[in-house]
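Below: final-v5.cif (mmCIF, C-alpha atoms)
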data_target
#
loop_
_atom_site.label_atom_id
_atom_site.label_comp_id
_atom_site.auth_asym_id
_atom_site.auth_seq_id
_atom_site.Cartn_x
_atom_site.Cartn_y
_atom_site.Cartn_z
CA MET A 138 -25.92 107.49 -175.60
CA PRO A 139 -25.36 107.40 -171.83
CA THR A 140 -22.07 105.67 -172.43
CA ARG A 141 -21.04 108.25 -175.01
CA SER A 142 -22.05 111.05 -172.61
CA GLY A 143 -20.00 109.43 -169.86
CA LYS A 144 -16.95 109.23 -172.12
CA THR A 145 -17.41 112.89 -173.09
CA THR A 146 -17.62 113.92 -169.46
CA THR A 147 -14.53 111.90 -168.64
CA ARG A 148 -12.68 113.40 -171.61
CA LYS A 149 -13.65 116.93 -170.52
CA ARG A 150 -12.47 116.25 -166.99
CA ALA A 151 -9.21 114.88 -168.33
CA ASN A 152 -8.75 117.90 -170.59
CA GLY A 153 -9.53 120.19 -167.73
CA ALA A 154 -6.98 118.46 -165.56
CA GLU A 155 -4.37 118.83 -168.29
CA LYS A 156 -4.98 122.56 -168.54
CA LYS A 157 -4.53 123.07 -164.79
CA SER A 158 -0.78 123.16 -164.15
CA PRO A 159 0.53 123.59 -160.59
CA PRO A 160 0.13 127.32 -159.89
CA SER A 161 3.20 127.37 -157.68
CA VAL A 162 5.47 126.43 -160.60
CA GLN A 163 4.37 128.99 -163.20
CA ALA A 164 3.54 131.81 -160.79
CA SER A 165 6.92 131.67 -159.04
CA THR A 166 9.18 131.32 -162.06
CA GLY A 167 10.19 135.00 -161.97
CA GLU A 168 10.73 134.87 -158.21
CA GLN A 169 12.88 131.76 -158.54
CA ASP A 170 15.01 133.45 -161.21
CA ARG A 171 15.48 136.44 -158.93
CA LEU A 172 16.47 134.26 -155.98
CA ARG A 173 18.79 132.21 -158.16
CA SER A 174 20.52 135.39 -159.31
CA THR A 175 20.80 136.60 -155.71
CA LEU A 176 21.99 133.37 -154.10
CA SER A 177 24.02 131.76 -156.86
CA VAL A 178 27.59 130.98 -155.79
CA GLN A 179 30.15 132.10 -158.35
CA ARG A 180 32.88 129.51 -158.87
CA THR A 181 35.58 131.73 -160.31
CA THR A 182 39.24 132.45 -159.79
CA PRO A 183 40.15 135.78 -158.12
CA THR A 184 39.02 138.66 -160.30
CA LEU A 185 41.29 141.42 -161.54
CA ARG A 186 39.63 143.73 -159.03
CA LEU A 187 40.42 141.42 -156.09
CA LEU A 188 44.00 140.95 -157.24
CA ALA A 189 44.49 144.72 -157.57
CA LEU A 190 42.87 145.24 -154.15
CA GLU A 191 45.25 142.77 -152.51
CA LYS A 192 48.28 144.33 -154.23
CA LEU A 193 47.45 147.86 -153.09
CA ARG A 194 46.51 146.79 -149.57
CA THR A 195 49.80 144.89 -149.27
CA ALA A 196 51.76 147.88 -150.55
CA ILE A 197 50.21 150.04 -147.83
CA ILE A 198 50.97 147.43 -145.15
CA ASP A 199 54.56 147.16 -146.40
CA GLY A 200 55.02 150.91 -146.19
CA GLU A 201 55.43 151.37 -149.94
CA PHE A 202 52.77 154.05 -149.54
CA ALA A 203 53.39 155.77 -146.24
CA PRO A 204 50.67 157.37 -144.08
CA ASN A 205 49.36 160.64 -145.56
CA THR A 206 50.44 159.63 -149.08
CA ARG A 207 47.99 160.95 -151.67
CA LEU A 208 46.83 158.16 -153.98
CA VAL A 209 46.53 159.55 -157.50
CA GLU A 210 44.14 157.48 -159.64
CA ARG A 211 46.05 157.97 -162.89
CA GLN A 212 49.33 156.85 -161.32
CA LEU A 213 47.66 153.85 -159.65
CA CYS A 214 46.19 152.79 -163.01
CA ASP A 215 49.70 152.79 -164.44
CA LEU A 216 51.27 151.01 -161.43
CA LEU A 217 48.59 148.32 -161.15
CA GLY A 218 47.88 147.97 -164.86
CA VAL A 219 44.10 148.23 -164.41
CA SER A 220 41.34 150.62 -165.44
CA ARG A 221 40.34 153.74 -163.55
CA THR A 222 37.00 152.09 -162.73
CA ILE A 223 38.78 149.26 -160.89
CA VAL A 224 41.07 151.73 -159.11
CA ARG A 225 38.07 153.69 -157.85
CA GLU A 226 36.37 150.50 -156.65
CA ILE A 227 39.38 149.28 -154.70
CA LEU A 228 39.97 152.72 -153.19
CA ARG A 229 36.37 152.68 -151.89
CA GLN A 230 36.95 149.20 -150.45
CA LEU A 231 40.18 150.26 -148.74
CA GLU A 232 38.39 153.31 -147.37
CA ALA A 233 35.72 151.03 -145.88
CA GLU A 234 38.50 148.93 -144.28
CA GLY A 235 40.17 152.01 -142.80
CA TRP A 236 43.35 151.92 -144.90
CA VAL A 237 42.40 154.98 -146.97
CA VAL A 238 40.67 158.25 -146.15
CA ASN A 239 39.12 160.72 -148.60
CA PRO A 240 39.32 164.24 -147.14
CA PRO A 241 37.68 167.13 -149.04
CA TYR A 242 39.81 168.89 -151.67
CA LYS A 243 42.63 166.35 -151.30
CA GLY A 244 41.37 163.05 -152.64
CA PRO A 245 42.16 159.46 -151.54
CA THR A 246 45.01 159.38 -149.05
CA VAL A 247 46.66 156.60 -147.06
CA ALA A 248 45.13 156.76 -143.59
CA ALA A 249 47.33 157.71 -140.69
CA LEU A 250 46.44 156.70 -137.16
CA SER A 251 47.00 159.56 -134.80
CA LEU A 252 49.11 158.92 -131.73
CA GLU A 253 45.97 159.15 -129.60
CA GLN A 254 44.07 156.66 -131.79
CA ALA A 255 46.98 154.21 -131.64
CA ARG A 256 47.20 154.59 -127.86
CA GLN A 257 43.51 153.78 -127.52
CA MET A 258 43.81 150.77 -129.82
CA TYR A 259 46.70 149.38 -127.79
CA GLU A 260 44.76 149.91 -124.56
CA MET A 261 41.88 147.94 -126.04
CA ARG A 262 44.23 145.19 -127.23
CA GLU A 263 45.92 144.91 -123.85
CA ALA A 264 42.60 144.47 -122.05
CA LEU A 265 40.83 142.16 -124.50
CA GLU A 266 43.75 140.04 -125.70
CA GLY A 267 44.88 139.62 -122.12
CA MET A 268 41.42 138.28 -121.30
CA ALA A 269 41.55 136.04 -124.38
CA ALA A 270 44.86 134.54 -123.27
CA ARG A 271 43.45 133.84 -119.80
CA LEU A 272 40.36 132.11 -121.22
CA CYS A 273 42.51 130.19 -123.68
CA ALA A 274 44.63 128.83 -120.82
CA ARG A 275 41.41 127.72 -119.15
CA ARG A 276 39.61 126.16 -122.10
CA ALA A 277 41.98 125.33 -124.95
CA THR A 278 42.10 121.71 -126.07
CA ALA A 279 45.38 119.84 -126.41
CA GLU A 280 45.06 120.04 -130.21
CA GLN A 281 44.54 123.81 -130.12
CA ILE A 282 47.64 124.22 -127.95
CA ASN A 283 49.60 122.09 -130.42
CA GLN A 284 48.33 124.32 -133.23
CA LEU A 285 49.54 127.42 -131.40
CA GLU A 286 52.98 125.86 -130.95
CA ARG A 287 53.21 124.94 -134.64
CA ILE A 288 52.15 128.42 -135.71
CA VAL A 289 54.77 130.05 -133.49
CA ASP A 290 57.39 127.80 -135.13
CA GLU A 291 56.22 129.06 -138.54
CA MET A 292 56.29 132.60 -137.19
CA SER A 293 59.89 132.16 -136.10
CA LEU A 294 60.84 130.89 -139.55
CA ALA A 295 59.13 133.85 -141.23
CA GLN A 296 60.94 136.24 -138.91
CA SER A 297 64.32 134.63 -139.61
CA LYS A 298 63.70 135.09 -143.35
CA ARG A 299 62.52 138.66 -142.75
CA ASP A 300 59.26 137.82 -144.50
CA LEU A 301 56.76 140.35 -143.16
CA HIS A 302 53.83 139.00 -145.19
CA ARG A 303 54.22 135.50 -143.82
CA HIS A 304 54.89 136.84 -140.32
CA LEU A 305 51.63 138.81 -140.36
CA ASP A 306 49.78 135.77 -141.74
CA THR A 307 51.05 133.56 -138.90
CA ILE A 308 50.02 136.20 -136.35
CA LYS A 309 46.54 136.26 -137.88
CA ARG A 310 46.27 132.44 -137.66
CA PHE A 311 47.69 132.47 -134.12
CA TYR A 312 44.91 134.73 -132.89
CA GLU A 313 42.25 132.86 -134.86
CA VAL A 314 43.14 129.68 -132.96
CA MET A 315 43.51 131.46 -129.63
CA LEU A 316 40.19 133.30 -129.96
CA LYS A 317 38.38 130.11 -130.90
CA ALA A 318 39.91 128.41 -127.88
CA THR A 319 38.50 131.08 -125.53
CA GLY A 320 35.00 129.68 -125.96
CA ASN A 321 33.73 133.28 -125.92
CA GLU A 322 32.11 133.97 -129.28
CA ILE A 323 31.35 137.64 -128.56
CA LEU A 324 34.97 138.39 -127.66
CA ALA A 325 36.20 136.47 -130.70
CA GLU A 326 33.79 138.23 -133.07
CA PHE A 327 34.70 141.68 -131.80
CA LEU A 328 38.46 141.21 -132.10
CA SER A 329 38.02 139.55 -135.49
CA SER A 330 36.03 142.57 -136.67
CA GLN A 331 39.05 144.73 -135.81
CA HIS A 332 41.36 142.61 -137.99
CA HIS A 333 42.40 145.36 -140.43
CA ARG A 334 43.05 147.92 -137.71
CA LEU A 335 45.06 145.42 -135.70
CA THR A 336 47.07 144.45 -138.80
CA ARG A 337 48.03 148.10 -139.23
CA LEU A 338 49.29 148.29 -135.66
CA ARG A 339 51.16 144.99 -135.93
CA SER A 340 52.87 145.92 -139.18
CA MET A 341 53.81 149.28 -137.69
CA SER A 342 55.49 147.71 -134.66
CA LEU A 343 57.10 144.84 -136.59
CA PHE A 344 58.81 147.32 -138.90
CA GLN A 345 60.94 148.46 -135.98
CA PRO A 346 64.41 146.85 -135.73
CA LYS A 347 64.57 143.74 -133.52
CA ARG A 348 60.87 143.96 -132.61
CA ALA A 349 59.88 141.04 -134.87
CA ALA A 350 62.28 138.63 -133.15
CA VAL A 351 61.24 139.74 -129.67
CA SER A 352 57.58 139.37 -130.64
CA VAL A 353 58.13 135.69 -131.44
CA VAL A 354 59.79 135.10 -128.07
CA GLU A 355 56.88 136.78 -126.28
CA LYS A 356 54.36 134.57 -128.06
CA ARG A 357 56.34 131.45 -127.13
CA ARG A 358 56.10 132.48 -123.50
CA MET A 359 52.38 133.07 -123.89
CA VAL A 360 51.84 129.60 -125.37
CA ALA A 361 53.98 128.04 -122.63
CA ALA A 362 51.75 129.64 -119.99
CA ILE A 363 48.62 128.45 -121.82
CA LYS A 364 50.06 124.93 -122.00
CA ARG A 365 50.68 124.98 -118.21
CA ARG A 366 47.08 126.12 -117.72
CA ASP A 367 48.47 129.12 -115.86
CA GLU A 368 45.70 131.65 -116.52
CA LYS A 369 47.34 134.52 -114.64
CA ALA A 370 50.70 134.07 -116.38
CA ALA A 371 49.02 133.79 -119.79
CA GLN A 372 47.17 137.06 -119.24
CA MET A 373 50.21 138.88 -117.88
CA THR A 374 52.41 137.65 -120.73
CA SER A 375 49.84 138.77 -123.30
CA GLU A 376 49.47 142.21 -121.71
CA LEU A 377 53.24 142.69 -121.56
CA HIS A 378 53.47 141.67 -125.23
CA ILE A 379 50.97 144.39 -126.17
CA ARG A 380 52.74 147.04 -124.10
CA LYS A 381 56.08 146.24 -125.77
CA ALA A 382 54.43 146.39 -129.20
CA ALA A 383 52.95 149.78 -128.31
CA GLU A 384 56.39 151.08 -127.36
CA ALA A 385 57.82 149.91 -130.68
CA ALA A 386 54.97 151.45 -132.66
CA GLN A 387 55.44 154.87 -131.06
CA ILE A 388 58.61 155.33 -133.13
CA ALA A 389 56.38 155.67 -136.20
CA TYR A 390 54.99 158.91 -134.79
CA ARG A 391 58.19 160.95 -134.77
CA PRO A 392 57.29 164.40 -136.11
CA ASP A 393 60.05 164.44 -138.76
CA GLU A 394 58.92 161.13 -140.26
CA THR A 395 55.24 161.83 -140.99
CA THR A 396 55.45 164.40 -143.80
CA PRO A 397 52.83 164.03 -146.56
CA THR A 398 53.97 162.34 -149.78
CA THR A 399 52.42 161.45 -153.12
CA THR A 400 51.91 158.14 -154.90
CA GLY A 401 55.23 156.60 -155.86
CA SER A 402 57.34 158.34 -153.20
CA ARG A 403 58.27 157.01 -149.78
CA SER A 404 58.63 158.76 -146.43
CA ARG A 405 61.84 158.84 -144.45
CA ALA A 406 60.23 156.46 -141.96
CA THR A 407 59.76 153.92 -144.72
CA ARG A 408 63.25 154.34 -146.10
CA ARG A 409 64.76 153.74 -142.66
CA THR A 410 62.88 150.48 -142.23
CA ARG A 411 65.15 147.44 -142.04
CA TYR A 412 62.60 144.68 -141.76
CA LYS A 413 61.67 144.25 -145.43
CA ALA A 414 58.97 141.92 -146.69
CA SER A 415 60.08 139.37 -149.25
CA ALA A 416 58.55 139.45 -152.70
#

structure tokens encoding of this file:
Amino acid sequence: MPTRSGKTTTRKRANGAEKKSPPSVQASTGEQDRLRSTLSVQRTTPTLRLLALEKLRTAIIDGEFAPNTRLVERQLCDLLGVSRTIVREILRQLEAEGWVVNPPYKGPTVAALSLEQARQMYEMREALEGMAARLCARRATAEQINQLERIVDEMSLAQSKRDLHRHLDTIKRFYEVMLKATGNEILAEFLSSQHHRLTRLRSMSLFQPKRAAVSVVEKRRMVAAIKRRDEKAAQMTSELHIRKAAEAAQIAYRPDETTPTTTGSRSRATRRTRYKASA
């Protein structure tokens, strides 16, 4: 009997152990599902929404939709070949980026920088990018300087082919390398956060005849100064580059070239543009 009782006790303990599953597993199943849904990385190709967003953003950069152009949802659905839901989503995204505004009683409209806003942006660029060039001359590695030289070569090729998209892309990569080379993360983060605004200013100035070619020459001089470790020359060259860009961009603010338009039409400023982006 004692033996039987011992076996029973052992069996009960075993059964009890089987019934006790780790509480952390069962109790957190719902929480794990929620976290999985929140953190899961989607491995997908660009969605229709992202493709439509890029198309419309590019059209605005190219001047296909001039500043103050009213963006009519129905017409955009037809032009982009997407639903009205997608059009509304991408218009909200472009509004968040500063490309589109939504004034009362007018609806989504291509944003137009005022002359005063542009002047302030160029003042900021002159000060901060001049500082970035100085720090780059001080701290850039040999490999980073080589990268800058290669990018300027690509920039020159894009300019010779009158490819605005590629030109803007090389400018973006140029500043990414230069900002990283400054060794100043705060400066780099701030200027990177202004990417969309700066792209608007750059596209505006590059649209002006001959400006694109001159811009490449100015950047070559900047890289040459950085390569010589001439901090003062690098800063001065960068600041002069910004001032020249500001002068070119001012042409976009002629009173007779900023009349409001609607989706599908182009302003006189756009029609006069000679520096066309390739398809």

Query raised in the report: Looking at all atoms listed in the file, which of A:Arg276, A:Arg262, A:Arg211, A:Arg171 is the one that sits closest to Lys364 (chain A)?
Result: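 Of the candidates, the smallest distance to Lys364 (chain A) is held by A:Arg276.
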
request  = Could you please determine the separation between CA of Leu217 (chain A) and CA of Ile308 (chain A) in Å, to one decimal place?
outcome  =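 These atoms are spaced 27.6 Å apart.
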
Using only C-alpha atoms, the best pick from A:Arg194, A:Arg287, A:Lys317, A:Arg380 as closest to Glu232 (chain A) would be A:Arg194

* To do: Have a look at A:Arg186, A:Arg310, A:Phe344, A:Thr222 and name the one nearest to Ser329 (chain A); count all atoms listed in the file.
  =>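 Among the listed residues, A:Arg310 lies closest to Ser329 (chain A).
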
**Item:** Pairwise distance for CA of Met373 (chain A) and CA of Ala361 (chain A), rounded to one decimal in Å
**Value:**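 If I compute the distance from CA of Met373 (chain A) to CA of Ala361 (chain A), I get 12.4 Å.
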
Would you mind putting N, CA, C and O atoms back on region 279-298 of chain A and writing the result as a compact mmCIF listing (two decimals), in the coordinates of the input?
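To be explicit, this is the file written out as rebuild_26.txt:
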# COMPACT_ATOMS: atom_id res chain seq x y z
N ALA A 279 43.99 120.21 -126.15
CA ALA A 279 45.38 119.84 -126.41
C ALA A 279 45.74 120.10 -127.87
O ALA A 279 46.85 120.57 -128.18
N GLU A 280 44.81 119.82 -128.79
CA GLU A 280 45.06 120.04 -130.21
C GLU A 280 45.22 121.53 -130.52
O GLU A 280 46.08 121.92 -131.31
N GLN A 281 44.43 122.37 -129.89
CA GLN A 281 44.54 123.81 -130.12
C GLN A 281 45.87 124.34 -129.61
O GLN A 281 46.49 125.20 -130.24
N ILE A 282 46.33 123.81 -128.48
CA ILE A 282 47.64 124.22 -127.95
C ILE A 282 48.74 123.77 -128.90
O ILE A 282 49.70 124.51 -129.17
N ASN A 283 48.62 122.56 -129.44
CA ASN A 283 49.60 122.09 -130.42
C ASN A 283 49.61 122.98 -131.66
O ASN A 283 50.67 123.27 -132.23
N GLN A 284 48.43 123.42 -132.08
CA GLN A 284 48.33 124.32 -133.23
C GLN A 284 49.06 125.63 -132.95
O GLN A 284 49.79 126.13 -133.81
N LEU A 285 48.86 126.17 -131.76
CA LEU A 285 49.54 127.42 -131.40
C LEU A 285 51.06 127.25 -131.43
O LEU A 285 51.78 128.12 -131.92
N GLU A 286 51.54 126.11 -130.94
CA GLU A 286 52.98 125.86 -130.95
C GLU A 286 53.52 125.77 -132.37
O GLU A 286 54.59 126.31 -132.68
N ARG A 287 52.78 125.08 -133.25
CA ARG A 287 53.21 124.94 -134.64
C ARG A 287 53.22 126.30 -135.36
O ARG A 287 54.13 126.60 -136.13
N ILE A 288 52.22 127.10 -135.07
CA ILE A 288 52.15 128.42 -135.71
C ILE A 288 53.30 129.31 -135.27
O ILE A 288 53.89 130.04 -136.07
N VAL A 289 53.64 129.24 -133.98
CA VAL A 289 54.77 130.05 -133.49
C VAL A 289 56.07 129.59 -134.15
O VAL A 289 56.95 130.41 -134.46
N ASP A 290 56.21 128.29 -134.41
CA ASP A 290 57.39 127.80 -135.13
C ASP A 290 57.45 128.40 -136.53
O ASP A 290 58.51 128.81 -137.01
N GLU A 291 56.29 128.44 -137.21
CA GLU A 291 56.22 129.06 -138.54
C GLU A 291 56.54 130.55 -138.45
O GLU A 291 57.21 131.11 -139.33
N MET A 292 56.05 131.18 -137.41
CA MET A 292 56.29 132.60 -137.19
C MET A 292 57.78 132.88 -137.05
O MET A 292 58.33 133.84 -137.60
N SER A 293 58.45 132.02 -136.30
CA SER A 293 59.89 132.16 -136.10
C SER A 293 60.64 132.03 -137.42
O SER A 293 61.59 132.77 -137.70
N LEU A 294 60.21 131.08 -138.25
CA LEU A 294 60.84 130.89 -139.55
C LEU A 294 60.63 132.12 -140.43
O LEU A 294 61.57 132.58 -141.11
N ALA A 295 59.42 132.65 -140.44
CA ALA A 295 59.13 133.85 -141.23
C ALA A 295 59.98 135.03 -140.77
O ALA A 295 60.51 135.79 -141.58
N GLN A 296 60.13 135.14 -139.45
CA GLN A 296 60.94 136.24 -138.91
C GLN A 296 62.41 136.08 -139.30
O GLN A 296 63.06 137.06 -139.67
N SER A 297 62.91 134.86 -139.26
CA SER A 297 64.32 134.63 -139.61
C SER A 297 64.60 134.94 -141.08
O SER A 297 65.70 135.33 -141.44
N LYS A 298 63.56 134.78 -141.91
CA LYS A 298 63.70 135.09 -143.35
C LYS A 298 63.29 136.53 -143.66
O LYS A 298 63.29 136.92 -144.83
